[in-house]
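Structure file final.txt (compact mmCIF, N, CA and C atoms and all ligand atoms) is printed below.
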```
# COMPACT_ATOMS: atom_id res chain seq x y z
N MET A 51 -1.62 25.29 -6.92
CA MET A 51 -1.35 23.89 -6.66
C MET A 51 -2.60 23.05 -6.95
N THR A 52 -2.43 21.96 -7.65
CA THR A 52 -3.58 21.10 -7.94
C THR A 52 -3.67 20.02 -6.88
N LEU A 53 -4.83 19.43 -6.77
CA LEU A 53 -5.01 18.38 -5.78
C LEU A 53 -4.18 17.15 -6.07
N LEU A 54 -3.85 16.94 -7.34
CA LEU A 54 -3.11 15.72 -7.69
C LEU A 54 -1.61 15.91 -7.63
N GLN A 55 -1.17 17.09 -7.27
CA GLN A 55 0.27 17.32 -7.19
C GLN A 55 0.86 16.51 -6.03
N LEU A 56 1.93 15.84 -6.30
CA LEU A 56 2.56 15.02 -5.27
C LEU A 56 3.50 15.88 -4.43
N PRO A 57 3.84 15.39 -3.24
CA PRO A 57 4.69 16.20 -2.37
C PRO A 57 6.08 16.43 -2.97
N ARG A 58 6.68 17.55 -2.57
CA ARG A 58 8.08 17.74 -2.91
C ARG A 58 8.85 16.66 -2.18
N THR A 59 10.08 16.45 -2.53
CA THR A 59 10.84 15.40 -1.86
C THR A 59 11.83 16.01 -0.88
N ILE A 60 12.09 15.28 0.17
CA ILE A 60 13.14 15.63 1.11
C ILE A 60 13.93 14.37 1.39
N ALA A 61 15.07 14.51 2.00
CA ALA A 61 15.92 13.33 2.27
C ALA A 61 15.28 12.47 3.36
N PRO A 62 15.37 11.16 3.21
CA PRO A 62 14.88 10.28 4.28
C PRO A 62 15.69 10.50 5.56
N PRO A 63 15.06 10.33 6.72
CA PRO A 63 15.81 10.50 7.97
C PRO A 63 16.85 9.40 8.14
N ASN A 64 18.04 9.78 8.58
CA ASN A 64 19.11 8.80 8.79
C ASN A 64 19.21 8.33 10.23
N THR A 65 18.69 9.12 11.14
CA THR A 65 18.81 8.78 12.55
C THR A 65 17.44 8.90 13.22
N LEU A 66 17.35 8.34 14.41
CA LEU A 66 16.11 8.46 15.17
C LEU A 66 15.81 9.92 15.49
N SER A 67 16.87 10.68 15.71
CA SER A 67 16.70 12.11 15.98
C SER A 67 16.08 12.82 14.77
N ASP A 68 16.56 12.47 13.58
CA ASP A 68 15.98 13.05 12.34
C ASP A 68 14.51 12.68 12.23
N LEU A 69 14.22 11.41 12.52
CA LEU A 69 12.83 10.94 12.41
C LEU A 69 11.94 11.67 13.42
N ASN A 70 12.44 11.84 14.63
CA ASN A 70 11.65 12.55 15.64
C ASN A 70 11.40 13.99 15.23
N GLU A 71 12.39 14.60 14.59
CA GLU A 71 12.21 15.98 14.11
C GLU A 71 11.09 16.04 13.06
N LEU A 72 11.10 15.05 12.17
CA LEU A 72 10.03 15.00 11.16
C LEU A 72 8.67 14.83 11.84
N ARG A 73 8.62 13.93 12.81
CA ARG A 73 7.35 13.69 13.51
C ARG A 73 6.84 14.97 14.18
N LEU A 74 7.73 15.69 14.81
CA LEU A 74 7.33 16.93 15.49
C LEU A 74 6.81 17.95 14.49
N THR A 75 7.49 18.04 13.34
CA THR A 75 7.05 18.97 12.30
C THR A 75 5.67 18.61 11.80
N VAL A 76 5.46 17.32 11.55
CA VAL A 76 4.16 16.86 11.06
C VAL A 76 3.07 17.12 12.11
N MET A 77 3.39 16.82 13.36
CA MET A 77 2.38 17.03 14.41
C MET A 77 2.05 18.51 14.59
N ALA A 78 3.04 19.37 14.35
CA ALA A 78 2.83 20.81 14.56
C ALA A 78 2.08 21.46 13.40
N TYR A 79 2.35 21.01 12.17
CA TYR A 79 1.85 21.73 11.00
C TYR A 79 0.92 20.92 10.10
N GLY A 80 0.76 19.63 10.36
CA GLY A 80 -0.06 18.80 9.49
C GLY A 80 -1.51 19.26 9.44
N THR A 81 -2.07 19.25 8.25
CA THR A 81 -3.46 19.66 8.07
C THR A 81 -4.42 18.80 8.88
N CYS A 82 -4.08 17.54 9.08
CA CYS A 82 -5.00 16.63 9.76
C CYS A 82 -4.96 16.75 11.28
N ARG A 83 -4.03 17.55 11.80
CA ARG A 83 -3.99 17.67 13.26
C ARG A 83 -5.28 18.34 13.74
N GLY A 84 -5.83 17.79 14.76
CA GLY A 84 -7.03 18.38 15.32
C GLY A 84 -8.29 18.14 14.52
N THR A 85 -8.20 17.29 13.48
CA THR A 85 -9.40 17.05 12.69
C THR A 85 -10.46 16.36 13.55
N THR A 86 -11.70 16.64 13.22
CA THR A 86 -12.78 15.98 13.95
C THR A 86 -13.13 14.64 13.31
N ASN A 87 -12.47 14.33 12.19
CA ASN A 87 -12.78 13.08 11.47
C ASN A 87 -11.50 12.36 11.07
N PRO A 88 -10.72 11.89 12.03
CA PRO A 88 -9.46 11.22 11.68
C PRO A 88 -9.67 9.95 10.87
N ASP A 89 -10.85 9.35 10.97
CA ASP A 89 -11.11 8.13 10.20
C ASP A 89 -11.06 8.38 8.69
N ALA A 90 -11.22 9.65 8.29
CA ALA A 90 -11.18 9.96 6.86
C ALA A 90 -9.84 9.54 6.25
N TRP A 91 -8.77 9.53 7.05
CA TRP A 91 -7.44 9.16 6.57
C TRP A 91 -7.25 7.64 6.55
N PHE A 92 -8.30 6.94 6.95
CA PHE A 92 -8.26 5.47 6.95
C PHE A 92 -9.49 4.91 6.23
N PRO A 93 -9.65 5.27 4.95
CA PRO A 93 -10.79 4.74 4.20
C PRO A 93 -10.58 3.25 3.93
N ASP A 94 -11.66 2.56 3.58
CA ASP A 94 -11.52 1.16 3.18
C ASP A 94 -10.50 1.07 2.05
N GLU A 95 -9.62 0.09 2.16
CA GLU A 95 -8.56 -0.03 1.15
C GLU A 95 -8.96 -1.05 0.10
N PRO A 96 -8.84 -0.66 -1.17
CA PRO A 96 -9.13 -1.63 -2.23
C PRO A 96 -8.03 -2.69 -2.29
N ASP A 97 -8.34 -3.81 -2.93
CA ASP A 97 -7.35 -4.88 -3.09
C ASP A 97 -6.13 -4.33 -3.84
N TRP A 98 -4.96 -4.53 -3.27
CA TRP A 98 -3.74 -3.96 -3.84
C TRP A 98 -3.30 -4.68 -5.11
N GLU A 99 -3.66 -5.95 -5.22
CA GLU A 99 -3.08 -6.75 -6.31
C GLU A 99 -4.10 -7.24 -7.33
N ASP A 100 -5.35 -6.97 -7.09
CA ASP A 100 -6.40 -7.38 -8.02
C ASP A 100 -6.28 -6.56 -9.30
N ASP A 101 -6.19 -7.24 -10.44
CA ASP A 101 -6.03 -6.53 -11.72
C ASP A 101 -7.35 -6.24 -12.41
N SER A 102 -8.46 -6.55 -11.76
CA SER A 102 -9.75 -6.30 -12.40
C SER A 102 -9.98 -4.79 -12.57
N GLN A 103 -10.84 -4.46 -13.52
CA GLN A 103 -11.13 -3.05 -13.77
C GLN A 103 -11.75 -2.40 -12.54
N GLU A 104 -12.60 -3.15 -11.87
CA GLU A 104 -13.26 -2.61 -10.67
C GLU A 104 -12.24 -2.24 -9.59
N ALA A 105 -11.29 -3.13 -9.35
CA ALA A 105 -10.27 -2.87 -8.33
C ALA A 105 -9.35 -1.73 -8.76
N THR A 106 -9.04 -1.69 -10.05
CA THR A 106 -8.19 -0.61 -10.56
C THR A 106 -8.87 0.74 -10.35
N GLU A 107 -10.16 0.79 -10.64
CA GLU A 107 -10.91 2.04 -10.44
C GLU A 107 -10.98 2.39 -8.96
N ALA A 108 -11.16 1.39 -8.11
CA ALA A 108 -11.23 1.64 -6.67
C ALA A 108 -9.89 2.20 -6.17
N ARG A 109 -8.81 1.67 -6.70
CA ARG A 109 -7.49 2.20 -6.29
C ARG A 109 -7.33 3.64 -6.77
N GLY A 110 -7.82 3.93 -7.97
CA GLY A 110 -7.74 5.30 -8.47
C GLY A 110 -8.52 6.26 -7.59
N THR A 111 -9.70 5.84 -7.18
CA THR A 111 -10.52 6.68 -6.29
C THR A 111 -9.82 6.88 -4.96
N HIS A 112 -9.22 5.81 -4.47
CA HIS A 112 -8.51 5.88 -3.19
C HIS A 112 -7.33 6.85 -3.28
N LYS A 113 -6.61 6.79 -4.39
CA LYS A 113 -5.47 7.70 -4.58
C LYS A 113 -5.94 9.15 -4.64
N GLN A 114 -7.06 9.37 -5.33
CA GLN A 114 -7.59 10.74 -5.39
C GLN A 114 -8.01 11.23 -4.01
N THR A 115 -8.56 10.33 -3.23
CA THR A 115 -8.94 10.70 -1.86
C THR A 115 -7.69 11.12 -1.07
N ALA A 116 -6.62 10.36 -1.25
CA ALA A 116 -5.37 10.69 -0.55
C ALA A 116 -4.86 12.07 -0.96
N ARG A 117 -4.89 12.34 -2.27
CA ARG A 117 -4.40 13.63 -2.75
C ARG A 117 -5.30 14.76 -2.25
N MET A 118 -6.60 14.48 -2.18
CA MET A 118 -7.55 15.51 -1.74
C MET A 118 -7.35 15.82 -0.25
N LEU A 119 -7.22 14.77 0.56
CA LEU A 119 -7.09 14.98 2.01
C LEU A 119 -5.80 15.70 2.36
N CYS A 120 -4.74 15.34 1.68
CA CYS A 120 -3.41 15.88 2.04
C CYS A 120 -2.93 16.95 1.07
N GLY A 121 -3.72 17.23 0.03
CA GLY A 121 -3.25 18.10 -1.04
C GLY A 121 -2.74 19.45 -0.60
N GLY A 122 -3.37 20.05 0.40
CA GLY A 122 -2.94 21.38 0.82
C GLY A 122 -2.05 21.37 2.04
N CYS A 123 -1.65 20.21 2.47
CA CYS A 123 -0.86 20.12 3.69
C CYS A 123 0.58 20.60 3.44
N PRO A 124 1.08 21.48 4.29
CA PRO A 124 2.43 22.02 4.05
C PRO A 124 3.56 21.06 4.43
N VAL A 125 3.22 19.95 5.06
CA VAL A 125 4.30 19.04 5.51
C VAL A 125 4.12 17.63 4.91
N ARG A 126 3.65 17.59 3.68
CA ARG A 126 3.42 16.29 3.04
C ARG A 126 4.73 15.51 2.90
N ALA A 127 5.78 16.19 2.49
CA ALA A 127 7.05 15.48 2.28
C ALA A 127 7.57 14.92 3.60
N GLU A 128 7.48 15.73 4.65
CA GLU A 128 7.95 15.28 5.97
C GLU A 128 7.11 14.10 6.44
N CYS A 129 5.79 14.20 6.22
CA CYS A 129 4.88 13.15 6.64
C CYS A 129 5.18 11.85 5.89
N LEU A 130 5.42 11.95 4.60
CA LEU A 130 5.71 10.75 3.81
C LEU A 130 7.01 10.10 4.27
N GLU A 131 8.04 10.90 4.48
CA GLU A 131 9.32 10.31 4.90
C GLU A 131 9.22 9.70 6.29
N ALA A 132 8.48 10.34 7.18
CA ALA A 132 8.29 9.76 8.52
C ALA A 132 7.56 8.43 8.41
N ALA A 133 6.52 8.38 7.58
CA ALA A 133 5.77 7.14 7.40
C ALA A 133 6.66 6.04 6.84
N LEU A 134 7.43 6.36 5.81
CA LEU A 134 8.29 5.35 5.20
C LEU A 134 9.32 4.83 6.21
N ALA A 135 9.85 5.72 7.03
CA ALA A 135 10.83 5.30 8.03
C ALA A 135 10.17 4.42 9.09
N GLU A 136 9.01 4.81 9.54
CA GLU A 136 8.32 4.04 10.58
C GLU A 136 7.87 2.67 10.07
N GLU A 137 7.55 2.60 8.78
CA GLU A 137 6.98 1.38 8.23
C GLU A 137 8.02 0.46 7.59
N GLN A 138 9.26 0.87 7.58
CA GLN A 138 10.23 0.14 6.77
C GLN A 138 10.42 -1.31 7.18
N LEU A 139 10.15 -1.65 8.43
CA LEU A 139 10.32 -3.04 8.86
C LEU A 139 8.98 -3.75 9.06
N LEU A 140 7.90 -3.04 8.77
CA LEU A 140 6.58 -3.64 8.98
C LEU A 140 6.19 -4.52 7.80
N PRO A 141 5.45 -5.60 8.07
CA PRO A 141 4.91 -6.39 6.95
C PRO A 141 3.80 -5.61 6.26
N ARG A 142 3.54 -5.99 5.05
CA ARG A 142 2.53 -5.30 4.26
C ARG A 142 1.18 -5.23 4.99
N SER A 143 0.84 -6.29 5.69
CA SER A 143 -0.46 -6.35 6.36
C SER A 143 -0.60 -5.32 7.49
N ALA A 144 0.50 -4.74 7.91
CA ALA A 144 0.47 -3.79 9.02
C ALA A 144 0.53 -2.33 8.54
N ILE A 145 0.51 -2.13 7.24
CA ILE A 145 0.61 -0.77 6.70
C ILE A 145 -0.77 -0.32 6.21
N HIS A 146 -1.28 0.74 6.83
CA HIS A 146 -2.63 1.19 6.51
C HIS A 146 -2.70 2.72 6.49
N GLY A 147 -3.77 3.20 5.91
CA GLY A 147 -4.08 4.63 5.99
C GLY A 147 -3.34 5.47 4.97
N ILE A 148 -3.73 6.72 4.95
CA ILE A 148 -3.15 7.71 4.04
C ILE A 148 -2.17 8.56 4.82
N ARG A 149 -0.96 8.65 4.30
CA ARG A 149 0.04 9.51 4.93
C ARG A 149 0.87 10.16 3.82
N GLY A 150 1.15 11.42 3.98
CA GLY A 150 1.95 12.11 2.98
C GLY A 150 1.31 12.09 1.60
N ALA A 151 0.01 12.12 1.54
CA ALA A 151 -0.75 12.11 0.28
C ALA A 151 -0.60 10.79 -0.48
N ARG A 152 -0.14 9.76 0.19
CA ARG A 152 0.04 8.46 -0.46
C ARG A 152 -0.75 7.39 0.28
N SER A 153 -1.31 6.50 -0.52
CA SER A 153 -2.01 5.35 0.05
C SER A 153 -0.98 4.36 0.62
N ALA A 154 -1.48 3.40 1.36
CA ALA A 154 -0.58 2.41 1.95
C ALA A 154 0.18 1.64 0.88
N TRP A 155 -0.49 1.21 -0.19
CA TRP A 155 0.22 0.42 -1.20
C TRP A 155 1.18 1.29 -2.02
N GLU A 156 0.88 2.58 -2.15
CA GLU A 156 1.84 3.46 -2.84
C GLU A 156 3.12 3.59 -2.01
N ARG A 157 2.95 3.67 -0.70
CA ARG A 157 4.15 3.75 0.16
C ARG A 157 4.94 2.45 0.10
N LEU A 158 4.21 1.34 0.05
CA LEU A 158 4.91 0.06 -0.04
C LEU A 158 5.68 -0.04 -1.36
N LYS A 159 5.07 0.41 -2.45
CA LYS A 159 5.77 0.39 -3.75
C LYS A 159 7.00 1.29 -3.71
N LEU A 160 6.84 2.45 -3.08
CA LEU A 160 7.97 3.37 -2.97
C LEU A 160 9.09 2.76 -2.13
N ARG A 161 8.71 2.08 -1.05
CA ARG A 161 9.71 1.42 -0.20
C ARG A 161 10.48 0.37 -1.01
N ARG A 162 9.74 -0.45 -1.74
CA ARG A 162 10.39 -1.49 -2.55
C ARG A 162 11.30 -0.89 -3.62
N SER A 163 10.83 0.18 -4.23
CA SER A 163 11.63 0.84 -5.26
C SER A 163 12.94 1.36 -4.66
N ARG A 164 12.84 1.96 -3.49
CA ARG A 164 14.06 2.47 -2.83
C ARG A 164 14.99 1.33 -2.42
N GLN A 165 14.39 0.22 -1.96
CA GLN A 165 15.23 -0.92 -1.57
C GLN A 165 15.98 -1.48 -2.78
N ARG A 166 15.28 -1.57 -3.92
CA ARG A 166 15.93 -2.07 -5.14
C ARG A 166 17.05 -1.13 -5.56
N SER A 167 16.77 0.17 -5.47
CA SER A 167 17.77 1.15 -5.85
C SER A 167 19.00 1.06 -4.94
N ALA A 168 18.75 0.90 -3.64
CA ALA A 168 19.87 0.79 -2.68
C ALA A 168 20.68 -0.47 -2.95
N THR A 169 20.00 -1.57 -3.30
CA THR A 169 20.70 -2.81 -3.60
C THR A 169 21.58 -2.64 -4.84
N ARG A 170 21.05 -1.98 -5.86
CA ARG A 170 21.84 -1.74 -7.08
C ARG A 170 23.06 -0.88 -6.76
N GLN A 171 22.86 0.14 -5.93
CA GLN A 171 23.99 1.01 -5.57
C GLN A 171 25.06 0.23 -4.83
N THR A 172 24.63 -0.66 -3.93
CA THR A 172 25.58 -1.46 -3.15
C THR A 172 26.36 -2.38 -4.08
N ARG A 173 25.68 -2.99 -5.03
CA ARG A 173 26.35 -3.90 -5.98
C ARG A 173 27.35 -3.14 -6.84
N LYS A 174 26.97 -1.94 -7.26
CA LYS A 174 27.88 -1.13 -8.09
C LYS A 174 29.13 -0.78 -7.32
N ALA A 175 28.93 -0.47 -6.03
CA ALA A 175 30.07 -0.04 -5.21
C ALA A 175 31.00 -1.19 -4.85
N ALA A 176 30.49 -2.44 -4.92
CA ALA A 176 31.32 -3.61 -4.52
C ALA A 176 32.33 -3.97 -5.60
S1 LIG B 1 0.34 14.86 4.66
FE1 LIG B 1 -1.74 14.19 5.13
S2 LIG B 1 -1.52 12.65 6.74
FE2 LIG B 1 0.39 13.83 6.66
S3 LIG B 1 0.18 15.48 8.15
FE3 LIG B 1 -0.50 16.27 6.19
S4 LIG B 1 -2.72 15.96 6.11
FE4 LIG B 1 -1.89 14.65 7.76
```
Please rewrite the model in this file as structure tokens.
Ligand code: SF4
Amino acid sequence: MTLLQLPRTIAPPNTLSDLNELRLTVMAYGTCRGTTNPDAWFPDEPDWEDDSQEATEARGTHKQTARMLCGGCPVRAECLEAALAEEQLLPRSAIHGIRGARSAWERLKLRRSRQRSATRQTRKAA
């Protein structure tokens, strides 16, 4: 497994019970549990929307940090889905840290992508 490999995917939780099960799994098996340096999962976040080369490079470094910290974690997929479920109603300003090997803005992009996909599916079905 390489450090840049992204998590396998699992289905998003549909119920609070599903979400709690994911949380328990993450708490039991997550690599970061018991770490002596939890702040490592909350590095300074580069500007999400700045198109300058400097900001682009900073985002790349941040993404690599996320993959490095979570790269060997056996519950990355569960952690990512739990994060997405917990954050789905939060404003962008309230989403921080690395979870499921993804930065905060990567999770936000994934959330938006899923929302667009769900909207398209709803329109098709109507
Ligand atoms: S994926 Fe990362 S943040 Fe989530 S439990 Fe594993 S090490 Fe912790």
Chain A residues near ligand LIG 1 (chain B) within 7 Å, closest pair each, using only C-alpha atoms and all ligand atoms, as a tab-separated table:
```
residue	atom	partner	partner_atom	distance
A:Val76	CA	B:LIG1	S3	5.1
A:Met77	CA	B:LIG1	S3	6.8
A:Gly80	CA	B:LIG1	S3	3.6
A:Thr81	CA	B:LIG1	S4	4.3
A:Cys82	CA	B:LIG1	FE4	4.2
A:Arg83	CA	B:LIG1	FE4	6.6
A:Trp91	CA	B:LIG1	S2	6.9
A:Leu119	CA	B:LIG1	S4	6.1
A:Cys120	CA	B:LIG1	FE1	3.9
A:Cys123	CA	B:LIG1	FE3	4.6
A:Pro124	CA	B:LIG1	FE3	6.8
A:Val125	CA	B:LIG1	FE3	5.6
A:Arg126	CA	B:LIG1	S1	3.8
A:Cys129	CA	B:LIG1	FE2	4.5
A:Leu130	CA	B:LIG1	FE2	6.8
A:Ile148	CA	B:LIG1	S2	5.9
A:Arg149	CA	B:LIG1	S2	3.9
A:Gly150	CA	B:LIG1	S1	3.6
A:Ala151	CA	B:LIG1	S1	5.3
```
Write out as a PDB file with N, CA and C atoms, keeping the file's coordinate frame which residues come within 7 Å of A:Trp98 when counting only N, CA and C atoms, dropping same-chain ones fewer than 3 positions away.
```pdb
ATOM      1  N   GLU A  95      -9.620   0.090   2.160  1.00  0.00           N
ATOM      2  CA  GLU A  95      -8.560  -0.030   1.150  1.00  0.00           C
ATOM      3  C   GLU A  95      -8.960  -1.050   0.100  1.00  0.00           C
ATOM      4  N   ASP A 101      -6.190  -7.240 -10.440  1.00  0.00           N
ATOM      5  CA  ASP A 101      -6.030  -6.530 -11.720  1.00  0.00           C
ATOM      6  C   ASP A 101      -7.350  -6.240 -12.410  1.00  0.00           C
ATOM      7  N   TRP A 155      -0.490   1.210  -0.190  1.00  0.00           N
ATOM      8  CA  TRP A 155       0.220   0.420  -1.200  1.00  0.00           C
ATOM      9  C   TRP A 155       1.180   1.290  -2.020  1.00  0.00           C
TER      10      TRP A 155
END
```
| message | Which of chain A end up as helix (DSSP H, G or I) when DSSP is run on this backbone - answer as a PyMOL selection string? | response | chain A and resi 66-79+88-91+103-120+126-137+142-144+154-175
| request: For atom CA of A:Ala144 and atom C of A:Arg170, quote the distance in Å rounded to one decimal. | output: 27.7 Å
| task | For atom CA of A:Arg142 and atom N of A:Phe92, quote the distance in Å rounded to one decimal. | result | 16.6 Å
| task | Write out as a PyMOL selection string each polymer residue whose atoms come within 8 Å of stretch 156-161 of chain A, counting only N, CA and C atoms; drop sequence neighbours fewer than 5 positions from it. | result | chain A and resi 133-134+138+142+145+151+166-167
With N, CA and C atoms retained, could you export that selection as a tab-separated table (two decimals), keeping the file's coordinate frame?
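Here's the written file selection18.tsv:
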```
chain	number	residue	atom	x	y	z
A	133	ALA	N	6.52	8.38	7.58
A	133	ALA	CA	5.77	7.14	7.40
A	133	ALA	C	6.66	6.04	6.84
A	134	LEU	N	7.43	6.36	5.81
A	134	LEU	CA	8.29	5.35	5.20
A	134	LEU	C	9.32	4.83	6.21
A	138	GLN	N	9.26	0.87	7.58
A	138	GLN	CA	10.23	0.14	6.77
A	138	GLN	C	10.42	-1.31	7.18
A	142	ARG	N	3.54	-5.99	5.05
A	142	ARG	CA	2.53	-5.30	4.26
A	142	ARG	C	1.18	-5.23	4.99
A	145	ILE	N	0.51	-2.13	7.24
A	145	ILE	CA	0.61	-0.77	6.70
A	145	ILE	C	-0.77	-0.32	6.21
A	151	ALA	N	0.01	12.12	1.54
A	151	ALA	CA	-0.75	12.11	0.28
A	151	ALA	C	-0.60	10.79	-0.48
A	166	ARG	N	15.28	-1.57	-3.92
A	166	ARG	CA	15.93	-2.07	-5.14
A	166	ARG	C	17.05	-1.13	-5.56
A	167	SER	N	16.77	0.17	-5.47
A	167	SER	CA	17.77	1.15	-5.85
A	167	SER	C	19.00	1.06	-4.94
```
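Proximity to A:Leu74 was assessed for A:Glu107, A:Glu128, A:Asp97, A:Asp89 counting only C-alpha atoms; the smallest distance is recorded for A:Glu128.
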